[in-house]
$ cat work.txt   # compact mmCIF, C-alpha atoms
# COMPACT_ATOMS: atom_id res chain seq x y z
CA GLN A 1 -141.14 16.32 135.73
CA GLU A 2 -137.57 17.42 135.21
CA LEU A 3 -134.86 14.81 135.07
CA SER A 4 -132.20 15.09 137.73
CA ARG A 5 -129.02 13.20 138.48
CA PRO A 6 -129.49 10.33 140.93
CA PRO A 7 -128.15 10.74 144.44
CA ALA A 8 -124.60 9.70 145.12
CA GLU A 9 -125.65 6.68 147.17
CA SER A 10 -127.35 5.14 144.13
CA VAL A 11 -124.07 4.96 142.20
CA CYS A 12 -122.54 1.51 142.11
CA ILE A 13 -118.83 1.46 141.23
CA ARG A 14 -117.80 -1.67 139.39
CA PRO A 15 -114.31 -2.87 138.53
CA ALA A 16 -113.12 -2.66 134.96
CA PRO A 17 -114.24 -5.69 132.91
CA PRO A 18 -111.74 -7.93 131.11
CA PRO A 19 -110.67 -6.88 127.57
CA ALA A 20 -112.96 -9.38 125.81
CA GLU A 21 -116.03 -8.13 127.69
CA ARG A 22 -115.02 -4.53 127.07
CA ALA A 23 -114.83 -5.22 123.32
CA ALA A 24 -118.32 -6.72 123.39
CA GLN A 25 -119.59 -3.60 125.14
CA ARG A 26 -118.14 -1.26 122.52
CA PRO A 27 -121.47 -0.52 120.69
CA GLU A 28 -123.16 0.28 123.99
CA ILE A 29 -120.32 2.56 125.03
CA GLU A 30 -120.35 4.37 121.70
CA ALA A 31 -124.11 4.88 121.99
CA ALA A 32 -123.71 6.27 125.49
CA ALA A 33 -121.13 8.77 124.27
CA THR A 34 -123.75 10.58 122.20
CA MET A 35 -126.45 10.61 124.90
CA ASP A 36 -127.34 13.03 127.62
CA PRO A 37 -125.52 11.96 130.82
CA VAL A 38 -128.75 11.78 132.80
CA LEU A 39 -130.49 9.59 130.22
CA ALA A 40 -127.39 7.45 129.88
CA GLY A 41 -127.38 6.89 133.61
CA MET A 42 -131.07 6.04 133.66
CA MET A 43 -130.44 3.38 131.01
CA GLY A 44 -127.57 1.87 132.91
CA MET A 45 -124.87 3.15 130.54
CA SER A 46 -121.66 4.87 131.41
CA PRO A 47 -122.45 8.58 131.09
CA LEU A 48 -118.90 9.43 130.02
CA PRO A 49 -116.85 6.55 128.57
CA CYS A 50 -113.50 8.24 129.15
CA GLY A 51 -110.37 6.20 129.75
CA GLU A 52 -111.43 3.54 127.27
CA GLY A 53 -108.38 2.13 125.49
CA GLU A 54 -105.92 4.04 127.68
CA GLY A 55 -105.55 1.50 130.45
CA GLU A 56 -107.85 3.45 132.76
CA GLN A 57 -110.93 2.12 134.48
CA PRO A 58 -114.16 3.28 132.91
CA LEU A 59 -116.49 5.32 135.04
CA GLY A 60 -119.02 3.43 137.14
CA ARG A 61 -122.59 3.08 135.96
CA HIS A 62 -125.51 4.25 137.99
CA VAL A 63 -128.92 2.58 137.90
CA GLU A 64 -131.86 4.51 139.24
CA GLY A 65 -134.54 2.38 140.80
CA GLY A 66 -138.14 2.86 139.65
CA CYS A 67 -137.15 4.64 136.44
CA PRO A 68 -140.32 5.24 134.32
CA TYR A 69 -138.40 5.01 131.02
CA ARG A 70 -137.18 1.92 129.20
CA ALA A 71 -134.30 1.81 126.77
CA ASP A 72 -136.58 1.27 123.77
CA ASP A 73 -138.80 4.18 124.85
CA VAL A 74 -135.86 6.58 124.82
CA MET A 75 -134.06 5.31 121.74
CA SER A 76 -137.10 4.38 119.61
CA PRO A 77 -140.06 6.64 120.45
CA GLU A 78 -143.51 5.82 119.07
CA GLN A 79 -144.39 7.20 115.67
CA ALA A 80 -147.06 9.86 115.27
CA VAL A 81 -150.65 8.90 114.56
CA SER A 82 -151.07 8.82 110.80
CA THR A 83 -154.04 8.32 108.52
CA GLY A 84 -152.04 6.12 106.14
CA THR A 85 -154.93 6.03 103.84
CA THR A 86 -156.86 5.57 100.65
CA ILE A 87 -159.13 8.53 99.87
CA MET A 88 -160.95 9.24 96.63
CA ALA A 89 -163.48 11.60 95.06
CA VAL A 90 -165.15 11.80 91.67
CA GLU A 91 -167.46 14.30 89.98
CA PHE A 92 -170.68 13.39 88.22
CA ASP A 93 -173.42 15.43 86.63
CA GLY A 94 -175.18 16.95 89.63
CA GLY A 95 -172.77 16.29 92.47
CA VAL A 96 -169.75 14.42 93.79
CA VAL A 97 -168.98 11.08 95.42
CA LEU A 98 -166.33 10.83 98.15
CA ALA A 99 -164.89 7.60 99.54
CA ALA A 100 -162.31 6.60 102.15
CA ASP A 101 -161.16 3.61 104.12
CA SER A 102 -161.24 3.70 107.93
CA ARG A 103 -157.80 2.59 109.17
CA THR A 104 -155.71 4.96 111.29
CA SER A 105 -152.21 3.70 112.04
CA THR A 106 -149.36 4.49 114.42
CA GLY A 107 -146.36 3.02 112.65
CA THR A 108 -147.31 -0.62 112.11
CA TYR A 109 -150.00 -0.55 114.83
CA VAL A 110 -153.64 0.02 113.88
CA ALA A 111 -154.70 2.78 116.28
CA ASN A 112 -158.30 2.95 115.02
CA ARG A 113 -159.95 0.53 112.62
CA ALA A 114 -163.17 2.54 112.17
CA SER A 115 -162.07 6.17 111.94
CA ARG A 116 -163.79 8.85 109.84
CA LYS A 117 -161.53 10.46 107.26
CA ILE A 118 -164.29 12.42 105.51
CA SER A 119 -164.92 15.57 107.56
CA LYS A 120 -167.65 18.16 107.11
CA VAL A 121 -166.38 21.66 106.34
CA HIS A 122 -169.73 23.33 105.59
CA ASP A 123 -173.26 22.27 104.68
CA ASN A 124 -172.40 20.81 101.26
CA ILE A 125 -168.59 20.84 101.41
CA PHE A 126 -166.45 17.99 102.72
CA VAL A 127 -162.76 17.13 102.93
CA CYS A 128 -161.01 13.75 102.72
CA ARG A 129 -157.93 13.71 104.95
CA SER A 130 -154.64 11.84 104.60
CA GLY A 131 -151.23 12.30 106.20
CA SER A 132 -150.82 13.33 109.83
CA ALA A 133 -154.09 12.96 111.72
CA ALA A 134 -153.22 15.90 113.99
CA ASP A 135 -152.31 18.22 111.11
CA THR A 136 -155.40 17.47 109.03
CA GLN A 137 -157.76 17.78 111.99
CA ALA A 138 -156.25 21.14 112.94
CA LEU A 139 -156.51 22.39 109.34
CA THR A 140 -160.13 21.28 109.11
CA GLY A 141 -161.00 23.13 112.31
CA LEU A 142 -159.37 26.33 111.06
CA VAL A 143 -161.15 26.22 107.71
CA GLN A 144 -164.50 25.48 109.38
CA ASN A 145 -164.05 28.60 111.48
CA TYR A 146 -163.02 30.91 108.64
CA LEU A 147 -165.57 29.51 106.20
CA GLY A 148 -168.35 30.01 108.76
CA GLN A 149 -167.34 33.66 109.15
CA HIS A 150 -167.17 34.03 105.36
CA ALA A 151 -170.70 32.61 104.98
CA ILE A 152 -172.02 35.18 107.47
CA GLU A 153 -170.24 38.02 105.64
CA ILE A 154 -171.62 37.16 102.20
CA GLY A 155 -175.03 36.10 103.50
CA LYS A 156 -175.22 32.86 101.50
CA GLN A 157 -173.59 29.46 101.15
CA PRO A 158 -169.84 29.59 100.40
CA THR A 159 -168.49 27.92 97.27
CA VAL A 160 -166.40 24.78 97.15
CA LYS A 161 -163.61 26.77 95.53
CA SER A 162 -163.50 29.20 98.47
CA SER A 163 -163.08 26.27 100.83
CA ALA A 164 -160.33 24.74 98.68
CA ASN A 165 -158.52 28.10 98.52
CA LEU A 166 -158.57 28.36 102.32
CA PHE A 167 -157.11 24.86 102.68
CA GLN A 168 -154.50 25.63 100.05
CA THR A 169 -153.47 28.88 101.76
CA PHE A 170 -152.86 27.16 105.09
CA CYS A 171 -151.11 24.16 103.50
CA TYR A 172 -148.81 26.25 101.29
CA ASN A 173 -147.87 28.82 103.95
CA ASN A 174 -146.98 26.02 106.38
CA LYS A 175 -145.71 23.43 103.91
CA ASP A 176 -142.47 22.89 105.86
CA ASN A 177 -144.34 22.01 109.05
CA LEU A 178 -147.38 20.07 107.83
CA MET A 179 -147.94 16.61 106.44
CA ALA A 180 -151.40 16.84 104.96
CA GLY A 181 -152.82 15.52 101.70
CA LEU A 182 -156.41 16.66 101.18
CA ILE A 183 -159.29 16.26 98.75
CA VAL A 184 -161.93 19.00 99.01
CA ALA A 185 -165.21 18.17 97.31
CA GLY A 186 -168.79 19.37 97.41
CA TYR A 187 -171.66 21.03 95.61
CA ASP A 188 -172.62 24.67 95.18
CA GLU A 189 -175.15 26.44 92.97
CA LYS A 190 -172.50 28.37 91.08
CA ARG A 191 -170.42 25.52 89.64
CA GLY A 192 -172.21 22.33 90.68
CA GLY A 193 -170.19 19.37 91.90
CA GLN A 194 -166.44 20.00 92.19
CA VAL A 195 -163.38 18.06 93.35
CA PHE A 196 -160.14 19.80 94.33
CA SER A 197 -156.91 17.96 95.10
CA ILE A 198 -154.47 19.55 97.59
CA PRO A 199 -151.41 17.28 97.96
CA ILE A 200 -148.53 17.82 100.37
CA GLY A 201 -146.92 21.15 99.51
CA GLY A 202 -150.05 23.20 98.94
CA THR A 203 -150.89 22.82 95.25
CA CYS A 204 -154.61 23.15 94.44
CA LEU A 205 -155.98 21.47 91.31
CA ARG A 206 -159.53 20.81 90.19
CA GLN A 207 -159.86 17.31 88.75
CA PRO A 208 -162.82 15.16 87.72
CA VAL A 209 -161.45 12.19 89.66
CA VAL A 210 -158.62 11.99 92.17
CA ALA A 211 -157.23 9.55 94.72
CA GLY A 212 -154.85 10.23 97.58
CA GLY A 213 -153.07 8.61 100.48
CA SER A 214 -150.67 5.68 100.69
CA GLY A 215 -153.06 3.34 98.88
CA SER A 216 -153.56 5.57 95.84
CA MET A 217 -150.36 4.42 94.15
CA TYR A 218 -151.73 0.88 93.92
CA ILE A 219 -154.89 1.88 92.06
CA SER A 220 -153.75 4.62 89.67
CA ALA A 221 -153.86 2.25 86.68
CA LEU A 222 -157.25 0.89 87.76
CA ILE A 223 -158.64 4.43 87.95
CA ASP A 224 -157.27 5.32 84.51
CA SER A 225 -158.75 2.22 82.92
CA SER A 226 -162.14 2.28 84.69
CA TYR A 227 -163.03 5.98 84.81
CA ARG A 228 -165.03 7.53 82.01
CA PRO A 229 -166.70 10.95 81.87
CA GLY A 230 -170.46 11.17 82.24
CA MET A 231 -170.94 8.38 84.77
CA THR A 232 -174.13 8.37 86.85
CA LYS A 233 -174.21 8.56 90.64
CA ALA A 234 -174.70 4.79 90.95
CA GLU A 235 -171.82 4.11 88.57
CA CYS A 236 -169.56 6.50 90.52
CA LEU A 237 -170.45 4.76 93.78
CA ALA A 238 -169.59 1.34 92.37
CA PHE A 239 -166.41 2.79 90.82
CA VAL A 240 -165.00 4.31 94.02
CA ARG A 241 -165.90 1.24 96.09
CA LYS A 242 -164.12 -1.03 93.66
CA CYS A 243 -160.99 1.16 93.61
CA VAL A 244 -160.77 1.65 97.39
CA ALA A 245 -161.36 -2.07 97.98
CA HIS A 246 -158.41 -2.91 95.71
CA ALA A 247 -156.22 -0.39 97.57
CA MET A 248 -157.23 -1.86 100.94
CA ALA A 249 -156.24 -5.32 99.72
CA LEU A 250 -152.77 -4.17 98.63
CA ASP A 251 -151.87 -1.40 101.12
CA SER A 252 -151.18 -2.40 104.72
CA SER A 253 -151.96 1.13 105.92
CA SER A 254 -155.47 1.01 104.44
CA GLY A 255 -158.25 -1.19 105.73
CA GLY A 256 -161.42 -1.45 107.79
CA VAL A 257 -164.63 -0.36 106.11
CA ILE A 258 -165.35 1.86 103.10
CA ARG A 259 -167.23 5.06 103.91
CA THR A 260 -168.91 6.81 100.98
CA LEU A 261 -170.63 10.17 100.75
CA CYS A 262 -172.76 11.56 97.90
CA VAL A 263 -173.28 15.33 97.81
CA THR A 264 -175.92 16.78 95.46
CA LYS A 265 -178.26 19.75 95.42
CA ASP A 266 -180.84 17.55 97.16
CA GLY A 267 -178.61 16.83 100.16
CA ILE A 268 -176.15 14.28 101.49
CA GLU A 269 -176.27 10.49 101.31
CA GLU A 270 -173.83 8.64 103.55
CA ASP A 271 -173.19 4.92 103.46
CA THR A 272 -170.77 2.37 104.93
CA LEU A 273 -169.63 -0.83 103.24
CA LEU A 274 -168.49 -3.36 105.85
CA GLY A 275 -165.28 -5.31 105.50
CA ASP A 276 -167.01 -8.63 104.73
CA LYS A 277 -169.05 -7.10 101.90
CA LEU A 278 -166.27 -5.47 99.87
CA PRO A 279 -166.37 -5.89 96.08
CA PHE A 280 -162.75 -7.13 96.11
CA GLY A 281 -160.64 -8.82 98.78
CA PRO A 282 -157.16 -10.30 99.17
$ encode --input "work.txt" --output "structure tokens"
Amino acid sequence: QELSRPPAESVCIRPAPPPAERAAQRPEIEAAATMDPVLAGMMGMSPLPCGEGEGEQPLGRHVEGGCPYRADDVMSPEQAVSTGTTIMAVEFDGGVVLAADSRTSTGTYVANRASRKISKVHDNIFVCRSGSAADTQALTGLVQNYLGQHAIEIGKQPTVKSSANLFQTFCYNNKDNLMAGLIVAGYDEKRGGQVFSIPIGGTCLRQPVVAGGSGSMYISALIDSSYRPGMTKAECLAFVRKCVAHAMALDSSSGGVIRTLCVTKDGIEEDTLLGDKLPFGP
């Protein structure tokens, strides 16, 4: 619905306030000077603070009854939904283990305490998402579409590297408009278990272990000290759960439950570790 100026009869002309009251109103008047006249009127501000300091009466303020907007809605809009997050993936001999917390936030408000940040891209390929929830969901949908067409063209399962290259192409070509940090991991017959990190900006790196999201900065030293090559699947599971639990304890944007996913040539094993059974807590 388009905004329109209120009718003339809704304008209430008030006399000029005394100098002390006018000085107290200075911040409000300066704020109104930079606003759209219609919005300023809807918020009860003078739409054009002319005459101030020149001995002239300021313009009257108009207040529109039943206005659907509040001052804080106009001046401080809600932040976008964000998967302020801790995501992690690690390779082992025969597959990969992915892990993520489940908290989705909107500023300081927890929008979803049990969200799924590990999304399926193809049969044995998954992506851990961090950043803007809208951006990462749109990217995942695009790659699912293109990777499905690619699998039909080649007549066999696509590789994890092909999936990571598709994500990287979209992220790099739109790096000025996206806020998406991704971890692509999975298993294929050509190279086995693989983990690719695609941070904001569109870089694509294969790494044996990687963490992402707002909680990853709290556990970088823990990962360096605890990770060792050649770990078994059970050791990798315990490793990622320990790291993500520490991040959830320290990062206010991470929390909820820990979702883990093991991808091997034999299939997929998904598990959830509830909040009261975490290996580490605050």
$ residues_around --input "work.txt" --residues "A:Arg113" --least-positions-apart "5" --cutoff "10 Å" --atoms "only C-alpha atoms" --output "ChimeraX atom specification"
/A:101-105,254-257
$ closest_residue --input "work.txt" --among "A:Gly181, A:Gly202, A:Gly215, A:Gly230" --to "A:Cys243" --atoms "only C-alpha atoms"
A:Gly215
$ atom_distance --input "work.txt" --atom1 "atom CA of A:Thr264" --atom2 "atom CA of A:Gly193"
7.2 Å
$ atom_distance --input "work.txt" --atom1 "atom CA of A:Arg116" --atom2 "atom CA of A:Thr272"
10.7 Å
$ atom_distance --input "work.txt" --atom1 "atom CA of A:Leu182" --atom2 "atom CA of A:Thr203"
10.2 Å
$ closest_residue --input "work.txt" --among "A:Ile198, A:Val121, A:Val263, A:Ile258" --to "A:Ala151" --atoms "only C-alpha atoms"
A:Val121
$ closest_residue --input "work.txt" --among "A:Ser253, A:Gln149, A:Thr106, A:Ser162" --to "A:Asp188" --atoms "only C-alpha atoms"
A:Ser162
$ residues_around --input "work.txt" --residues "A:Ser226" --least-positions-apart "3" --cutoff "10 Å" --atoms "only C-alpha atoms" --output "VMD selection string"
chain A and resid 221 to 223 239 to 240 242 to 243
$ write_last_selection --input "work.txt" --atoms "C-alpha atoms" --output "mmCIF file, keeping the file's coordinate frame"
data_model
loop_
_atom_site.group_PDB
_atom_site.id
_atom_site.type_symbol
_atom_site.label_atom_id
_atom_site.label_comp_id
_atom_site.auth_asym_id
_atom_site.auth_seq_id
_atom_site.Cartn_x
_atom_site.Cartn_y
_atom_site.Cartn_z
ATOM 1 C CA ALA A 221 -153.860 2.250 86.680
ATOM 2 C CA LEU A 222 -157.250 0.890 87.760
ATOM 3 C CA ILE A 223 -158.640 4.430 87.950
ATOM 4 C CA PHE A 239 -166.410 2.790 90.820
ATOM 5 C CA VAL A 240 -165.000 4.310 94.020
ATOM 6 C CA LYS A 242 -164.120 -1.030 93.660
ATOM 7 C CA CYS A 243 -160.990 1.160 93.610
#
$ closest_residue --input "work.txt" --among "A:Tyr187, A:Ile118, A:Gly107, A:Asn174" --to "A:Asp266" --atoms "all atoms listed in the file"
A:Tyr187
$ closest_residue --input "work.txt" --among "A:Ile87, A:Ala134, A:Val160, A:Ala100" --to "A:Asn177" --atoms "all atoms listed in the file"
A:Ala134
$ closest_residue --input "work.txt" --among "A:Phe92, A:Phe280, A:Phe167, A:Tyr172" --to "A:Gln207" --atoms "only C-alpha atoms"
A:Phe92
$ residues_around --input "work.txt" --residues "A:Arg191" --least-positions-apart "6" --cutoff "10 Å" --atoms "only C-alpha atoms" --output "list in words"
Gly94, Gly95, Thr159, Val160 and Lys161 of chain A
$ write_last_selection --input "work.txt" --atoms "C-alpha atoms" --output "PDB file, in the coordinates of the input"
ATOM      1  CA  GLY A  94    -175.180  16.950  89.630  1.00  0.00           C
ATOM      2  CA  GLY A  95    -172.770  16.290  92.470  1.00  0.00           C
ATOM      3  CA  THR A 159    -168.490  27.920  97.270  1.00  0.00           C
ATOM      4  CA  VAL A 160    -166.400  24.780  97.150  1.00  0.00           C
ATOM      5  CA  LYS A 161    -163.610  26.770  95.530  1.00  0.00           C
TER       6      LYS A 161
END
$ axis_aligned_box --input "work.txt" --around "stretch 156-159 of chain A" --padding-each-side "6 Å" --output "JSON"
{"center_x": -171.9, "center_y": 30.4, "center_z": 99.4, "size_x": 18.7, "size_y": 16.9, "size_z": 16.2}
$ residues_around --input "work.txt" --residues "stretch 137-147 of chain A" --least-positions-apart "4" --cutoff "12 Å" --atoms "all atoms listed in the file" --output "PyMOL selection string"
chain A and resi 81-83+116-123+125-133+151-172+174+178-184
$ decode --input "work.txt" --residues "stretch 222-251 of chain A" --atoms "N, CA, C and O atoms" --output "short mmCIF file (atom, residue, chain, number, x, y, z; two decimals), in the first residue's frame"
data_model
loop_
_atom_site.label_atom_id
_atom_site.label_comp_id
_atom_site.auth_asym_id
_atom_site.auth_seq_id
_atom_site.Cartn_x
_atom_site.Cartn_y
_atom_site.Cartn_z
N LEU A 222 41.41 -25.40 19.66
CA LEU A 222 41.01 -26.74 20.07
C LEU A 222 41.11 -27.72 18.90
O LEU A 222 41.56 -28.86 19.08
N ILE A 223 40.73 -27.27 17.72
CA ILE A 223 40.82 -28.14 16.53
C ILE A 223 42.29 -28.45 16.23
O ILE A 223 42.66 -29.60 15.97
N ASP A 224 43.14 -27.43 16.27
CA ASP A 224 44.56 -27.65 15.98
C ASP A 224 45.20 -28.62 16.96
O ASP A 224 46.06 -29.42 16.58
N SER A 225 44.80 -28.53 18.22
CA SER A 225 45.44 -29.39 19.23
C SER A 225 44.85 -30.79 19.27
O SER A 225 45.54 -31.74 19.66
N SER A 226 43.58 -30.96 18.86
CA SER A 226 42.92 -32.26 19.00
C SER A 226 42.94 -33.09 17.72
O SER A 226 42.87 -34.32 17.79
N TYR A 227 43.01 -32.43 16.56
CA TYR A 227 42.94 -33.19 15.30
C TYR A 227 44.26 -33.90 15.03
O TYR A 227 45.35 -33.37 15.25
N ARG A 228 44.13 -35.10 14.52
CA ARG A 228 45.31 -35.83 14.04
C ARG A 228 44.89 -36.66 12.83
O ARG A 228 43.76 -37.17 12.78
N PRO A 229 45.71 -36.78 11.84
CA PRO A 229 45.37 -37.57 10.65
C PRO A 229 45.17 -39.04 11.01
O PRO A 229 45.75 -39.56 11.96
N GLY A 230 44.33 -39.70 10.22
CA GLY A 230 44.13 -41.13 10.40
C GLY A 230 43.14 -41.52 11.47
O GLY A 230 43.12 -42.68 11.89
N MET A 231 42.30 -40.60 11.91
CA MET A 231 41.30 -40.93 12.93
C MET A 231 40.21 -41.82 12.34
O MET A 231 39.89 -41.73 11.15
N THR A 232 39.62 -42.67 13.17
CA THR A 232 38.53 -43.52 12.73
C THR A 232 37.23 -42.73 12.72
O THR A 232 37.16 -41.59 13.18
N LYS A 233 36.17 -43.37 12.21
CA LYS A 233 34.87 -42.70 12.18
C LYS A 233 34.39 -42.35 13.57
O LYS A 233 33.89 -41.25 13.82
N ALA A 234 34.53 -43.27 14.52
CA ALA A 234 34.09 -43.01 15.90
C ALA A 234 34.89 -41.88 16.52
O ALA A 234 34.33 -41.03 17.24
N GLU A 235 36.19 -41.85 16.26
CA GLU A 235 37.02 -40.77 16.81
C GLU A 235 36.64 -39.42 16.18
O GLU A 235 36.63 -38.39 16.87
N CYS A 236 36.33 -39.41 14.89
CA CYS A 236 35.91 -38.17 14.24
C CYS A 236 34.58 -37.67 14.80
O CYS A 236 34.40 -36.47 15.00
N LEU A 237 33.66 -38.60 15.05
CA LEU A 237 32.38 -38.21 15.64
C LEU A 237 32.58 -37.56 17.01
O LEU A 237 32.01 -36.51 17.30
N ALA A 238 33.36 -38.19 17.86
CA ALA A 238 33.62 -37.63 19.18
C ALA A 238 34.35 -36.29 19.07
O ALA A 238 34.08 -35.35 19.84
N PHE A 239 35.25 -36.17 18.09
CA PHE A 239 36.02 -34.94 17.89
C PHE A 239 35.12 -33.77 17.50
O PHE A 239 35.20 -32.69 18.11
N VAL A 240 34.26 -33.95 16.51
CA VAL A 240 33.41 -32.85 16.07
C VAL A 240 32.38 -32.48 17.13
O VAL A 240 32.05 -31.29 17.32
N ARG A 241 31.87 -33.46 17.86
CA ARG A 241 30.91 -33.15 18.92
C ARG A 241 31.55 -32.33 20.03
O ARG A 241 30.96 -31.39 20.56
N LYS A 242 32.76 -32.70 20.38
CA LYS A 242 33.47 -31.95 21.41
C LYS A 242 33.72 -30.51 20.96
O LYS A 242 33.50 -29.55 21.73
N CYS A 243 34.16 -30.32 19.73
CA CYS A 243 34.47 -28.98 19.24
C CYS A 243 33.22 -28.11 19.13
O CYS A 243 33.21 -26.95 19.55
N VAL A 244 32.15 -28.66 18.54
CA VAL A 244 30.93 -27.88 18.38
C VAL A 244 30.31 -27.56 19.73
O VAL A 244 29.76 -26.47 19.95
N ALA A 245 30.39 -28.48 20.69
CA ALA A 245 29.86 -28.21 22.03
C ALA A 245 30.61 -27.05 22.69
O ALA A 245 29.99 -26.21 23.36
N HIS A 246 31.93 -27.00 22.53
CA HIS A 246 32.68 -25.87 23.08
C HIS A 246 32.27 -24.55 22.41
O HIS A 246 32.14 -23.53 23.08
N ALA A 247 32.07 -24.58 21.09
CA ALA A 247 31.66 -23.36 20.39
C ALA A 247 30.27 -22.90 20.85
O ALA A 247 30.03 -21.70 21.02
N MET A 248 29.36 -23.85 21.06
CA MET A 248 28.02 -23.50 21.52
C MET A 248 28.05 -22.88 22.91
O MET A 248 27.22 -22.02 23.23
N ALA A 249 29.00 -23.30 23.73
CA ALA A 249 29.10 -22.75 25.08
C ALA A 249 29.65 -21.32 25.08
O ALA A 249 29.35 -20.53 25.98
N LEU A 250 30.43 -20.97 24.06
CA LEU A 250 31.10 -19.67 24.04
C LEU A 250 30.44 -18.66 23.10
O LEU A 250 30.58 -17.46 23.29
N ASP A 251 29.76 -19.13 22.07
CA ASP A 251 29.18 -18.26 21.04
C ASP A 251 27.68 -18.13 21.26
O ASP A 251 26.96 -19.13 21.24
#
